[in-house]
Amino acid sequence: MFHKNIIFFKESIYLTLLLFFCFQSSGLQAQLSGKITDDKGEPLSFATVYVKDSSQGTTSNIEGRYELDLTPGRYTIIFQYVGYEQKTEVVELDDVGLKMDVVLKEQSVGLKEVVVTADGEDPAYAIIRKAIAKRDYYLKQVKEYTCDVYIKGNQKVADVPEKFMGVEIGDLGGILDSTGQGIVYLSESVSKLHHRAPNLYKEEMISSKVSGNDNGFSFNQANVMDFNFYKNTYGELGRKIVSPIANNAFAYYRYKLEGAFLDEGGRLINKIKVIRKRDTDPSLSGYIYIIEDFWNIHSVDMWTNGEAFGQPILDTMSLKQVYVPVKEPNVWRVLSSAVYFKLKIFGIKIGGDFTGVYSNYDIEPNLPKGFFDNEVLKVKEDANERDSSYWEEVRPIPLTIEEVKDYVKKDSLQKVWVSKDYLDSLDKKNNRFKVMNALTGYTYSRSYKKWNLSIGSPLTALSFNTVQGYFTNLGGTFEKQFDRSGNSYANVNANVSYGFSDKQVRGDFGVEYNVNKTKYTNFSIEGGRKAVQFNEEEPVSTLQNTIASLFFKRNRTKYYDKSYGKIRAKTELFNGVFVNGHIEYAHREPLFNTTDHSYFYKESREYFSNNPTDLMNYGEAPFEPHQALTIGLDIRLRIKQRYLSYPDRKFILGSDFPTFYISYRRGLPILGGDTDFDFVSLAMRDNIKLGMAGTSRYNLEGGMFISDKSVPFPDFHHFNGNTLIVNFMIRYLDQFRMLDYYEHSTTQPYMKLQWEHHFDGVILGKIPGIRKLQWGLVAGTNILYSDSTKAYSEIFIGIDKIGWDIFRLVRVDFVTQLRKGMEKPGFNVLVGIEIPL
């Protein structure tokens, strides 16, 4: 009996110690929860709840419900909502938890004693001037910090048309309900954020959850949520927004002091209404709260529209931020940041929000030298493997009823979406041949096995040039994915072409294997026979040449015949260093015009010859038939390239330095090769953001043939020219506006500069009437110099972002051409399409 009691006693001790250490390691949790409403019972979404004199806090969800996990003890809790009176409650928490509903009243502000200037200036201006004077101090006040960040993103379709471009939208695989509404993206993430002033960030995403995708990773990013009003400008959505306390804020804003109130610490808070001077300016409206004497930000409640950002699809965007003191007397940091937005694109209305809760600030982390590198974000390998119990424990913002249902529904739908029966049923429906497939092409898919076969349309593949006449170019592609995310895949493509005038059959094939998207490693092999342009960059597309030839009897493209085989490999050796190498063996033959056909100008115009060195020479070829064995190596170097690391891929953000391009080509006189040359070029490109003054971008390039023992015309260095008035495929930063396509082709050393500046509304945005059109002004120059052609230059000024809604893609340039020997400058108008910067 005594022995049994001893055993029982020992087991009890072990059990007690085990429970003790479990509680010590995990921490006993006590939850404070409830609902925050106004005095009318309406929920206050994204209200802030935090422990006084700490950065431990949370935010209410869109239903006003909140949850704050703490260890048992006595706390002073502050409930705060911008524009409402703070409420302070002292609570005793035990392991059972406490439910506390809170009602906040609208802030009753009183006007403090003010001094009105002789010209009647509102007293808000004096406060804003003091805040501007302290802006740089608070921007650099905390040299570095670390904190924990929770972010939840929610995007919901609010309205959707029944059809898009004639295709029924349906319920998007069960996402939308009977009213056409539903959450299309719901994601949560927990990260550790590190920051060093002024602009260094490093973030580690510890956990990630995406509704309906247990294999996915959240695209939430803490530093993107850093709308820092202490910076003069901020934002990466397009145009940078001017802060209401920027150095030049008075050019964009008017201010009105609406009153002041005392917070829980007895500090006087000034409530200032911020008024935009112009709706099209990159500015905001709303309220900013400034703390008396310290002149730092207490909280903000701002909103703006798509015109401010230069983003037509953006309807409205609002931002609420609440700051809390993390160190007395005046070190305040953001506790909560909530961004709401409404989008409209192709008749689809989307509303959403991103909410961030920042906690556990350490403003003296003593991060080691070299801690901040080019990796801005790293997502842990197991970030998406957390279970529901983990999220229930760490989630500071309770899910809404709709979000709970979305997780449950999409967890079920995901199993359906990846099932063989479901994917086979979709394939059965989509694989049916329809009449429109004759125009759009046809694709046969086996989604469960991750492969598809596509065949182009024989009708849309019909084109024209003076060498082949009308010709078809019918192609097909087989693609196979090797993982769920599509990062690793292979495809095989083949094309067959027949010229009705030259009566020649040509064809080519290619095999490509994409290994991954972490190093962008890719291998390919191709070969066949094609009619190719002398300039492999194809400054004139097949469609443009077809239109110019048939309707205006102007054949812009020049071709030669190439039978070839080519092997290529590319990868990123190191961060920012991309290498692309190839080897090609080709038999080349000249081609001649075989037809004079056109719809118009049949008698009044003649086609140019297919000889790019002499457009009126119809009998001679620009080169003799020959074989060419060439090797090439292209290197792209981007210094200090910033990037995001996900377990299955890498996202490149860019760099503060120019990007360098090094290219080398060698014609080898071996194995029957008739060429013998070495060519090298170096290019430098960059986009330079100049704040409110706009964006400049340039392309500076130089090159030369180190040796030129045997350089046939296809291997000359060709420049991307343009002789079209309407060119919807022009490459603005790599193509001249009025340069002839082959007149300046050379084997001599050359230099070229292409530069343009986008004023981003800084000029046209100030002109009444025109600023409502949201057009932009652009100006620049293109310069070319080589020993064979001497100096050639173009100067242009243009208007971009012409259009409506999201279709602001048209650009019109007015160009003048200058070159040695010209009696008078040339002039041209160029209409093109440009994707906004």
# chains A, B, ... in the order shown; residues from 1 in each chain; ligands from 1
$ residues_around --residues "Ser55 (chain A)" --least-positions-apart "6" --cutoff "7 Å" --atoms "only C-alpha atoms" --output "list in words"
Val324, Val326, Leu335, Ser359, Asn360 and Tyr361 of chain A
$ select_by_dssp --residues "region 645-746 of chain A" --states "strand (DSSP E or B)" --output "PDB file with N, CA and C atoms, in the first residue's frame"
ATOM      1  N   SER A 645      11.144  36.446 -51.544  1.00  0.00           N
ATOM      2  CA  SER A 645      11.410  35.009 -51.627  1.00  0.00           C
ATOM      3  C   SER A 645      10.222  34.221 -51.104  1.00  0.00           C
ATOM      4  N   TYR A 646       9.589  33.496 -52.004  1.00  0.00           N
ATOM      5  CA  TYR A 646       8.562  32.529 -51.632  1.00  0.00           C
ATOM      6  C   TYR A 646       9.158  31.134 -51.801  1.00  0.00           C
ATOM      7  N   ARG A 649       8.919  30.357 -55.566  1.00  0.00           N
ATOM      8  CA  ARG A 649       9.269  31.318 -56.606  1.00  0.00           C
ATOM      9  C   ARG A 649       9.904  32.568 -56.003  1.00  0.00           C
ATOM     10  N   LYS A 650      10.431  33.376 -56.906  1.00  0.00           N
ATOM     11  CA  LYS A 650      11.074  34.630 -56.523  1.00  0.00           C
ATOM     12  C   LYS A 650      10.431  35.760 -57.319  1.00  0.00           C
ATOM     13  N   PHE A 651      10.082  36.836 -56.614  1.00  0.00           N
ATOM     14  CA  PHE A 651       9.496  37.997 -57.263  1.00  0.00           C
ATOM     15  C   PHE A 651      10.509  39.142 -57.212  1.00  0.00           C
ATOM     16  N   ILE A 652      10.833  39.678 -58.381  1.00  0.00           N
ATOM     17  CA  ILE A 652      11.833  40.732 -58.483  1.00  0.00           C
ATOM     18  C   ILE A 652      11.140  42.090 -58.388  1.00  0.00           C
ATOM     19  N   LEU A 653      11.654  42.952 -57.510  1.00  0.00           N
ATOM     20  CA  LEU A 653      11.059  44.267 -57.289  1.00  0.00           C
ATOM     21  C   LEU A 653      11.768  45.371 -58.046  1.00  0.00           C
ATOM     22  N   GLY A 654      13.057  45.259 -58.231  1.00  0.00           N
ATOM     23  CA  GLY A 654      13.804  46.322 -58.896  1.00  0.00           C
ATOM     24  C   GLY A 654      14.998  46.749 -58.074  1.00  0.00           C
ATOM     25  N   THR A 659      20.117  49.344 -64.586  1.00  0.00           N
ATOM     26  CA  THR A 659      20.299  47.963 -65.016  1.00  0.00           C
ATOM     27  C   THR A 659      21.257  47.958 -66.199  1.00  0.00           C
ATOM     28  N   PHE A 660      22.257  47.070 -66.153  1.00  0.00           N
ATOM     29  CA  PHE A 660      23.257  46.972 -67.206  1.00  0.00           C
ATOM     30  C   PHE A 660      23.015  45.712 -68.039  1.00  0.00           C
ATOM     31  N   TYR A 661      23.226  45.845 -69.341  1.00  0.00           N
ATOM     32  CA  TYR A 661      23.070  44.725 -70.271  1.00  0.00           C
ATOM     33  C   TYR A 661      24.363  44.578 -71.056  1.00  0.00           C
ATOM     34  N   ILE A 662      24.959  43.408 -70.979  1.00  0.00           N
ATOM     35  CA  ILE A 662      26.191  43.110 -71.709  1.00  0.00           C
ATOM     36  C   ILE A 662      25.879  42.003 -72.703  1.00  0.00           C
ATOM     37  N   SER A 663      26.212  42.246 -73.970  1.00  0.00           N
ATOM     38  CA  SER A 663      25.905  41.274 -75.013  1.00  0.00           C
ATOM     39  C   SER A 663      27.160  40.979 -75.836  1.00  0.00           C
ATOM     40  N   TYR A 664      27.351  39.688 -76.116  1.00  0.00           N
ATOM     41  CA  TYR A 664      28.494  39.270 -76.933  1.00  0.00           C
ATOM     42  C   TYR A 664      28.022  38.256 -77.970  1.00  0.00           C
ATOM     43  N   ARG A 665      28.411  38.470 -79.223  1.00  0.00           N
ATOM     44  CA  ARG A 665      28.119  37.511 -80.296  1.00  0.00           C
ATOM     45  C   ARG A 665      29.412  37.197 -81.041  1.00  0.00           C
ATOM     46  N   ARG A 666      29.521  35.924 -81.415  1.00  0.00           N
ATOM     47  CA  ARG A 666      30.732  35.480 -82.122  1.00  0.00           C
ATOM     48  C   ARG A 666      30.317  34.626 -83.315  1.00  0.00           C
ATOM     49  N   GLY A 667      30.786  35.035 -84.510  1.00  0.00           N
ATOM     50  CA  GLY A 667      30.615  34.207 -85.695  1.00  0.00           C
ATOM     51  C   GLY A 667      31.819  33.320 -85.870  1.00  0.00           C
ATOM     52  N   LEU A 668      31.616  31.996 -85.830  1.00  0.00           N
ATOM     53  CA  LEU A 668      32.736  31.050 -85.819  1.00  0.00           C
ATOM     54  C   LEU A 668      32.990  30.493 -87.219  1.00  0.00           C
ATOM     55  N   ASP A 676      32.860  35.331 -89.559  1.00  0.00           N
ATOM     56  CA  ASP A 676      34.012  35.457 -88.667  1.00  0.00           C
ATOM     57  C   ASP A 676      34.004  36.871 -88.080  1.00  0.00           C
ATOM     58  N   PHE A 677      33.446  37.003 -86.899  1.00  0.00           N
ATOM     59  CA  PHE A 677      33.360  38.334 -86.275  1.00  0.00           C
ATOM     60  C   PHE A 677      33.179  38.184 -84.765  1.00  0.00           C
ATOM     61  N   ASP A 678      33.462  39.272 -84.065  1.00  0.00           N
ATOM     62  CA  ASP A 678      33.173  39.396 -82.639  1.00  0.00           C
ATOM     63  C   ASP A 678      32.447  40.723 -82.430  1.00  0.00           C
ATOM     64  N   PHE A 679      31.312  40.664 -81.806  1.00  0.00           N
ATOM     65  CA  PHE A 679      30.539  41.877 -81.530  1.00  0.00           C
ATOM     66  C   PHE A 679      30.222  41.943 -80.044  1.00  0.00           C
ATOM     67  N   VAL A 680      30.379  43.142 -79.463  1.00  0.00           N
ATOM     68  CA  VAL A 680      30.057  43.326 -78.061  1.00  0.00           C
ATOM     69  C   VAL A 680      29.311  44.650 -77.884  1.00  0.00           C
ATOM     70  N   SER A 681      28.353  44.661 -76.973  1.00  0.00           N
ATOM     71  CA  SER A 681      27.616  45.894 -76.686  1.00  0.00           C
ATOM     72  C   SER A 681      27.374  45.996 -75.189  1.00  0.00           C
ATOM     73  N   LEU A 682      27.228  47.230 -74.728  1.00  0.00           N
ATOM     74  CA  LEU A 682      26.917  47.507 -73.332  1.00  0.00           C
ATOM     75  C   LEU A 682      25.799  48.535 -73.282  1.00  0.00           C
ATOM     76  N   ALA A 683      24.770  48.231 -72.515  1.00  0.00           N
ATOM     77  CA  ALA A 683      23.633  49.152 -72.391  1.00  0.00           C
ATOM     78  C   ALA A 683      23.348  49.415 -70.922  1.00  0.00           C
ATOM     79  N   MET A 684      22.783  50.576 -70.660  1.00  0.00           N
ATOM     80  CA  MET A 684      22.399  50.956 -69.305  1.00  0.00           C
ATOM     81  C   MET A 684      21.008  51.576 -69.372  1.00  0.00           C
ATOM     82  N   ARG A 685      20.103  51.068 -68.529  1.00  0.00           N
ATOM     83  CA  ARG A 685      18.727  51.568 -68.520  1.00  0.00           C
ATOM     84  C   ARG A 685      18.297  51.858 -67.090  1.00  0.00           C
ATOM     85  N   ASP A 686      17.381  52.814 -66.978  1.00  0.00           N
ATOM     86  CA  ASP A 686      16.886  53.125 -65.644  1.00  0.00           C
ATOM     87  C   ASP A 686      15.620  53.958 -65.742  1.00  0.00           C
ATOM     88  N   ASN A 687      14.794  53.832 -64.731  1.00  0.00           N
ATOM     89  CA  ASN A 687      13.663  54.726 -64.502  1.00  0.00           C
ATOM     90  C   ASN A 687      14.001  55.556 -63.273  1.00  0.00           C
ATOM     91  N   ILE A 688      13.959  56.861 -63.401  1.00  0.00           N
ATOM     92  CA  ILE A 688      14.324  57.751 -62.304  1.00  0.00           C
ATOM     93  C   ILE A 688      13.078  58.503 -61.855  1.00  0.00           C
ATOM     94  N   LYS A 689      12.601  58.194 -60.659  1.00  0.00           N
ATOM     95  CA  LYS A 689      11.424  58.874 -60.130  1.00  0.00           C
ATOM     96  C   LYS A 689      11.860  60.167 -59.458  1.00  0.00           C
ATOM     97  N   THR A 695       8.624  61.228 -63.890  1.00  0.00           N
ATOM     98  CA  THR A 695       9.551  60.097 -64.022  1.00  0.00           C
ATOM     99  C   THR A 695      10.325  60.215 -65.321  1.00  0.00           C
ATOM    100  N   SER A 696      11.627  60.119 -65.217  1.00  0.00           N
ATOM    101  CA  SER A 696      12.483  60.056 -66.405  1.00  0.00           C
ATOM    102  C   SER A 696      12.960  58.626 -66.601  1.00  0.00           C
ATOM    103  N   ARG A 697      13.090  58.242 -67.839  1.00  0.00           N
ATOM    104  CA  ARG A 697      13.663  56.927 -68.126  1.00  0.00           C
ATOM    105  C   ARG A 697      14.548  57.035 -69.367  1.00  0.00           C
ATOM    106  N   TYR A 698      15.582  56.222 -69.387  1.00  0.00           N
ATOM    107  CA  TYR A 698      16.533  56.322 -70.487  1.00  0.00           C
ATOM    108  C   TYR A 698      17.102  54.952 -70.846  1.00  0.00           C
ATOM    109  N   ASN A 699      17.664  54.899 -72.039  1.00  0.00           N
ATOM    110  CA  ASN A 699      18.358  53.721 -72.532  1.00  0.00           C
ATOM    111  C   ASN A 699      19.609  54.210 -73.253  1.00  0.00           C
ATOM    112  N   LEU A 700      20.757  53.981 -72.633  1.00  0.00           N
ATOM    113  CA  LEU A 700      22.046  54.391 -73.197  1.00  0.00           C
ATOM    114  C   LEU A 700      22.803  53.139 -73.615  1.00  0.00           C
ATOM    115  N   GLU A 701      23.217  53.097 -74.873  1.00  0.00           N
ATOM    116  CA  GLU A 701      23.844  51.873 -75.391  1.00  0.00           C
ATOM    117  C   GLU A 701      24.985  52.217 -76.335  1.00  0.00           C
ATOM    118  N   GLY A 702      26.028  51.407 -76.275  1.00  0.00           N
ATOM    119  CA  GLY A 702      27.134  51.505 -77.214  1.00  0.00           C
ATOM    120  C   GLY A 702      27.621  50.125 -77.595  1.00  0.00           C
ATOM    121  N   GLY A 703      28.164  49.997 -78.792  1.00  0.00           N
ATOM    122  CA  GLY A 703      28.638  48.685 -79.229  1.00  0.00           C
ATOM    123  C   GLY A 703      29.629  48.795 -80.367  1.00  0.00           C
ATOM    124  N   MET A 704      30.315  47.691 -80.640  1.00  0.00           N
ATOM    125  CA  MET A 704      31.291  47.678 -81.730  1.00  0.00           C
ATOM    126  C   MET A 704      31.641  46.241 -82.102  1.00  0.00           C
ATOM    127  N   PHE A 705      32.105  46.073 -83.340  1.00  0.00           N
ATOM    128  CA  PHE A 705      32.659  44.809 -83.787  1.00  0.00           C
ATOM    129  C   PHE A 705      34.145  44.828 -83.465  1.00  0.00           C
ATOM    130  N   ILE A 706      34.545  43.963 -82.554  1.00  0.00           N
ATOM    131  CA  ILE A 706      35.960  43.873 -82.195  1.00  0.00           C
ATOM    132  C   ILE A 706      36.760  43.340 -83.372  1.00  0.00           C
ATOM    133  N   SER A 707      36.164  42.382 -84.067  1.00  0.00           N
ATOM    134  CA  SER A 707      36.748  41.897 -85.321  1.00  0.00           C
ATOM    135  C   SER A 707      35.616  41.753 -86.327  1.00  0.00           C
ATOM    136  N   ASP A 708      35.902  42.015 -87.611  1.00  0.00           N
ATOM    137  CA  ASP A 708      34.856  41.970 -88.644  1.00  0.00           C
ATOM    138  C   ASP A 708      35.398  41.391 -89.945  1.00  0.00           C
ATOM    139  N   LYS A 709      36.069  40.247 -89.836  1.00  0.00           N
ATOM    140  CA  LYS A 709      36.654  39.622 -91.018  1.00  0.00           C
ATOM    141  C   LYS A 709      35.596  39.195 -92.021  1.00  0.00           C
ATOM    142  N   SER A 710      34.469  38.698 -91.515  1.00  0.00           N
ATOM    143  CA  SER A 710      33.392  38.266 -92.404  1.00  0.00           C
ATOM    144  C   SER A 710      32.061  38.498 -91.698  1.00  0.00           C
ATOM    145  N   HIS A 717      24.793  45.242 -87.100  1.00  0.00           N
ATOM    146  CA  HIS A 717      23.961  45.723 -86.000  1.00  0.00           C
ATOM    147  C   HIS A 717      22.873  46.624 -86.576  1.00  0.00           C
ATOM    148  N   VAL A 726       0.877  55.313 -87.521  1.00  0.00           N
ATOM    149  CA  VAL A 726       0.146  54.594 -86.475  1.00  0.00           C
ATOM    150  C   VAL A 726       0.905  53.308 -86.191  1.00  0.00           C
ATOM    151  N   ASN A 727       1.434  53.188 -84.990  1.00  0.00           N
ATOM    152  CA  ASN A 727       2.205  52.009 -84.611  1.00  0.00           C
ATOM    153  C   ASN A 727       1.807  51.616 -83.191  1.00  0.00           C
ATOM    154  N   THR A 746      24.999  48.872 -89.361  1.00  0.00           N
ATOM    155  CA  THR A 746      26.435  49.175 -89.390  1.00  0.00           C
ATOM    156  C   THR A 746      27.285  48.048 -88.833  1.00  0.00           C
TER     157      THR A 746
END
$ residues_around --residues "region 271-274 of chain A" --least-positions-apart "3" --cutoff "10 Å" --atoms "only C-alpha atoms" --output "ChimeraX atom specification"
/A:83,107,109-111,123-125,127-128,244,252-261,268,277,283-291,298-302
$ atom_distance --atom1 "CA of Phe623 (chain A)" --atom2 "CA of Leu474 (chain A)"
29.5 Å
$ residues_around --residues "Phe796 (chain A)" --least-positions-apart "3" --cutoff "8 Å" --atoms "only C-alpha atoms" --output "PyMOL selection string"
chain A and resi 779-781+813-816
$ select_by_dssp --residues "region 471-681 of chain A" --states "alpha helix (DSSP H)" --output "list in words"
Thr542, Leu543, Gln544, Asn545, Thr546, Ile547, Ala548, Ser549, Leu550, Phe551 and Phe552 of chain A
$ atom_distance --atom1 "CA of Asn232 (chain A)" --atom2 "CA of Ala246 (chain A)"
4.4 Å
$ residues_around --residues "Asp279 (chain A)" --least-positions-apart "3" --cutoff "8 Å" --atoms "only C-alpha atoms" --output "list in words"
Arg276, Ser283, Glu307 and Ala308 of chain A
$ closest_residue --among "A:Arg588, A:Arg395, A:Lys231, A:Lys349" --to "Ser207 (chain A)" --atoms "only C-alpha atoms"
A:Arg395
$ residues_around --residues "region 470-472 of chain A" --least-positions-apart "4" --cutoff "10 Å" --atoms "only C-alpha atoms" --output "VMD selection string"
chain A and resid 457 to 466 495 to 505 546 595 597
$ closest_atom_pairs --of "region 90-200 of chain A" --to "region 362-370 of chain A" --cutoff "7 Å" --atoms "only C-alpha atoms" --output "tab-separated table"
residue	atom	partner	partner_atom	distance
A:Val142	CA	A:Ile363	CA	6.5
A:Glu144	CA	A:Ile363	CA	6.1
A:Tyr145	CA	A:Ile363	CA	4.3
A:Thr146	CA	A:Asp362	CA	5.3
A:Cys147	CA	A:Asp362	CA	6.3
$ atom_distance --atom1 "CA of Arg74 (chain A)" --atom2 "CA of Asp94 (chain A)"
9.0 Å
$ closest_residue --among "A:Ser488, A:Lys558, A:Gln181, A:Lys409" --to "Thr542 (chain A)" --atoms "only C-alpha atoms"
A:Lys558
$ closest_residue --among "A:Gly565, A:Gly691, A:Pro714, A:Gly761" --to "His626 (chain A)" --atoms "only C-alpha atoms"
A:Pro714
$ residues_around --residues "Ile525 (chain A)" --least-positions-apart "2" --cutoff "7 Å" --atoms "only C-alpha atoms" --output "PDB file with N, CA, C and O atoms, in the first residue's frame"
ATOM      1  N   GLY A 510       9.813  23.874 -81.640  1.00  0.00           N
ATOM      2  CA  GLY A 510      10.584  24.252 -80.467  1.00  0.00           C
ATOM      3  C   GLY A 510      10.173  23.437 -79.264  1.00  0.00           C
ATOM      4  O   GLY A 510       9.007  23.047 -79.134  1.00  0.00           O
ATOM      5  N   VAL A 511      11.119  23.180 -78.389  1.00  0.00           N
ATOM      6  CA  VAL A 511      10.862  22.496 -77.119  1.00  0.00           C
ATOM      7  C   VAL A 511      11.450  23.358 -76.014  1.00  0.00           C
ATOM      8  O   VAL A 511      12.621  23.752 -76.086  1.00  0.00           O
ATOM      9  N   GLU A 512      10.647  23.639 -75.001  1.00  0.00           N
ATOM     10  CA  GLU A 512      11.096  24.487 -73.906  1.00  0.00           C
ATOM     11  C   GLU A 512      10.801  23.811 -72.576  1.00  0.00           C
ATOM     12  O   GLU A 512       9.731  23.229 -72.390  1.00  0.00           O
ATOM     13  N   LYS A 566      18.917  25.690 -83.062  1.00  0.00           N
ATOM     14  CA  LYS A 566      19.379  26.591 -82.008  1.00  0.00           C
ATOM     15  C   LYS A 566      19.136  25.974 -80.645  1.00  0.00           C
ATOM     16  O   LYS A 566      18.068  25.393 -80.394  1.00  0.00           O
ATOM     17  N   ILE A 567      20.109  26.108 -79.773  1.00  0.00           N
ATOM     18  CA  ILE A 567      19.992  25.652 -78.376  1.00  0.00           C
ATOM     19  C   ILE A 567      20.221  26.868 -77.474  1.00  0.00           C
ATOM     20  O   ILE A 567      21.154  27.649 -77.702  1.00  0.00           O
ATOM     21  N   ARG A 568      19.372  27.016 -76.478  1.00  0.00           N
ATOM     22  CA  ARG A 568      19.469  28.171 -75.591  1.00  0.00           C
ATOM     23  C   ARG A 568      19.286  27.734 -74.146  1.00  0.00           C
ATOM     24  O   ARG A 568      18.522  26.804 -73.852  1.00  0.00           O
TER      25      ARG A 568
END
$ closest_atom_pairs --of "region 484-553 of chain A" --to "region 448-456 of chain A" --cutoff "12 Å" --atoms "only C-alpha atoms" --output "CSV"
residue,atom,partner,partner_atom,distance
A:Arg484,CA,A:Lys450,CA,8.5
A:Ser485,CA,A:Lys450,CA,10.7
A:Gly486,CA,A:Lys450,CA,9.1
A:Ser488,CA,A:Lys450,CA,11.3
A:Tyr489,CA,A:Lys450,CA,9.5
A:Ala490,CA,A:Trp451,CA,9.6
A:Asn491,CA,A:Trp451,CA,9.3
A:Val492,CA,A:Leu453,CA,9.5
A:Asn493,CA,A:Ser454,CA,9.3
A:Ala494,CA,A:Ile455,CA,9.7
A:Asn495,CA,A:Gly456,CA,9.5
A:Val496,CA,A:Gly456,CA,11.0
$ write_last_selection --atoms "all heavy atoms" --output "short mmCIF file (atom, residue, chain, number, x, y, z; two decimals), in the first residue's frame"
data_model
loop_
_atom_site.label_atom_id
_atom_site.label_comp_id
_atom_site.auth_asym_id
_atom_site.auth_seq_id
_atom_site.Cartn_x
_atom_site.Cartn_y
_atom_site.Cartn_z
N ARG A 484 1.73 21.92 -58.95
CA ARG A 484 0.42 22.55 -58.82
C ARG A 484 0.45 24.04 -59.15
O ARG A 484 -0.50 24.60 -59.65
CB ARG A 484 -0.11 22.37 -57.39
CG ARG A 484 -0.61 20.97 -57.10
CD ARG A 484 -1.07 20.85 -55.65
NE ARG A 484 -2.16 21.77 -55.34
CZ ARG A 484 -2.73 21.86 -54.15
NH1 ARG A 484 -2.29 21.10 -53.15
NH2 ARG A 484 -3.71 22.72 -53.94
N SER A 485 1.56 24.68 -58.85
CA SER A 485 1.64 26.13 -59.03
C SER A 485 2.01 26.54 -60.46
O SER A 485 1.94 27.72 -60.79
CB SER A 485 2.67 26.71 -58.06
OG SER A 485 3.94 26.13 -58.26
N GLY A 486 2.41 25.60 -61.29
CA GLY A 486 2.77 25.93 -62.66
C GLY A 486 4.13 26.56 -62.82
O GLY A 486 4.44 27.15 -63.86
N SER A 488 7.01 24.90 -62.79
CA SER A 488 7.83 24.00 -63.60
C SER A 488 6.94 23.41 -64.70
O SER A 488 5.91 22.82 -64.41
CB SER A 488 8.42 22.89 -62.73
OG SER A 488 9.19 22.00 -63.51
N TYR A 489 7.37 23.59 -65.94
CA TYR A 489 6.53 23.13 -67.04
C TYR A 489 7.40 22.91 -68.28
O TYR A 489 8.55 23.36 -68.35
CB TYR A 489 5.42 24.13 -67.36
CG TYR A 489 5.92 25.48 -67.79
CD1 TYR A 489 6.21 25.74 -69.14
CD2 TYR A 489 6.12 26.51 -66.87
CE1 TYR A 489 6.68 26.98 -69.54
CE2 TYR A 489 6.59 27.74 -67.26
CZ TYR A 489 6.87 27.98 -68.60
OH TYR A 489 7.35 29.20 -68.99
N ALA A 490 6.83 22.25 -69.27
CA ALA A 490 7.48 22.07 -70.56
C ALA A 490 6.45 22.28 -71.65
O ALA A 490 5.25 22.01 -71.45
CB ALA A 490 8.09 20.68 -70.68
N ASN A 491 6.89 22.79 -72.78
CA ASN A 491 5.96 22.90 -73.91
C ASN A 491 6.69 22.57 -75.20
O ASN A 491 7.91 22.76 -75.33
CB ASN A 491 5.29 24.27 -73.96
CG ASN A 491 6.25 25.41 -74.20
OD1 ASN A 491 6.93 25.45 -75.22
ND2 ASN A 491 6.32 26.35 -73.26
N VAL A 492 5.93 22.07 -76.14
CA VAL A 492 6.41 21.75 -77.48
C VAL A 492 5.54 22.51 -78.46
O VAL A 492 4.30 22.45 -78.37
CB VAL A 492 6.33 20.24 -77.77
CG1 VAL A 492 6.85 19.94 -79.17
CG2 VAL A 492 7.11 19.45 -76.72
N ASN A 493 6.14 23.26 -79.36
CA ASN A 493 5.35 24.01 -80.34
C ASN A 493 5.86 23.72 -81.74
O ASN A 493 7.04 23.42 -81.95
CB ASN A 493 5.38 25.51 -80.04
CG ASN A 493 6.79 26.08 -80.16
OD1 ASN A 493 7.28 26.35 -81.26
ND2 ASN A 493 7.46 26.26 -79.02
N ALA A 494 4.96 23.80 -82.69
CA ALA A 494 5.30 23.57 -84.09
C ALA A 494 4.45 24.49 -84.96
O ALA A 494 3.29 24.77 -84.64
CB ALA A 494 5.07 22.11 -84.48
N ASN A 495 5.05 24.98 -86.05
CA ASN A 495 4.36 25.88 -86.97
C ASN A 495 4.63 25.45 -88.40
O ASN A 495 5.74 25.03 -88.74
CB ASN A 495 4.84 27.33 -86.79
CG ASN A 495 4.56 27.88 -85.40
OD1 ASN A 495 3.46 28.33 -85.12
ND2 ASN A 495 5.56 27.83 -84.53
N VAL A 496 3.61 25.57 -89.23
CA VAL A 496 3.74 25.28 -90.65
C VAL A 496 3.25 26.49 -91.43
O VAL A 496 2.17 27.03 -91.15
CB VAL A 496 2.93 24.04 -91.07
CG1 VAL A 496 3.03 23.81 -92.57
CG2 VAL A 496 3.42 22.81 -90.32
#
$ closest_residue --among "A:Pro658, A:Glu743, A:Asp674, A:Ala438" --to "Asn611 (chain A)" --atoms "only C-alpha atoms"
A:Glu743
$ closest_residue --among "A:Ser54, A:Asn430, A:Gln735, A:Ser425" --to "Tyr323 (chain A)" --atoms "only C-alpha atoms"
A:Ser54
$ closest_residue --among "A:Glu402, A:Glu536, A:Gly216, A:Asn270" --to "Ile183 (chain A)" --atoms "only C-alpha atoms"
A:Glu402
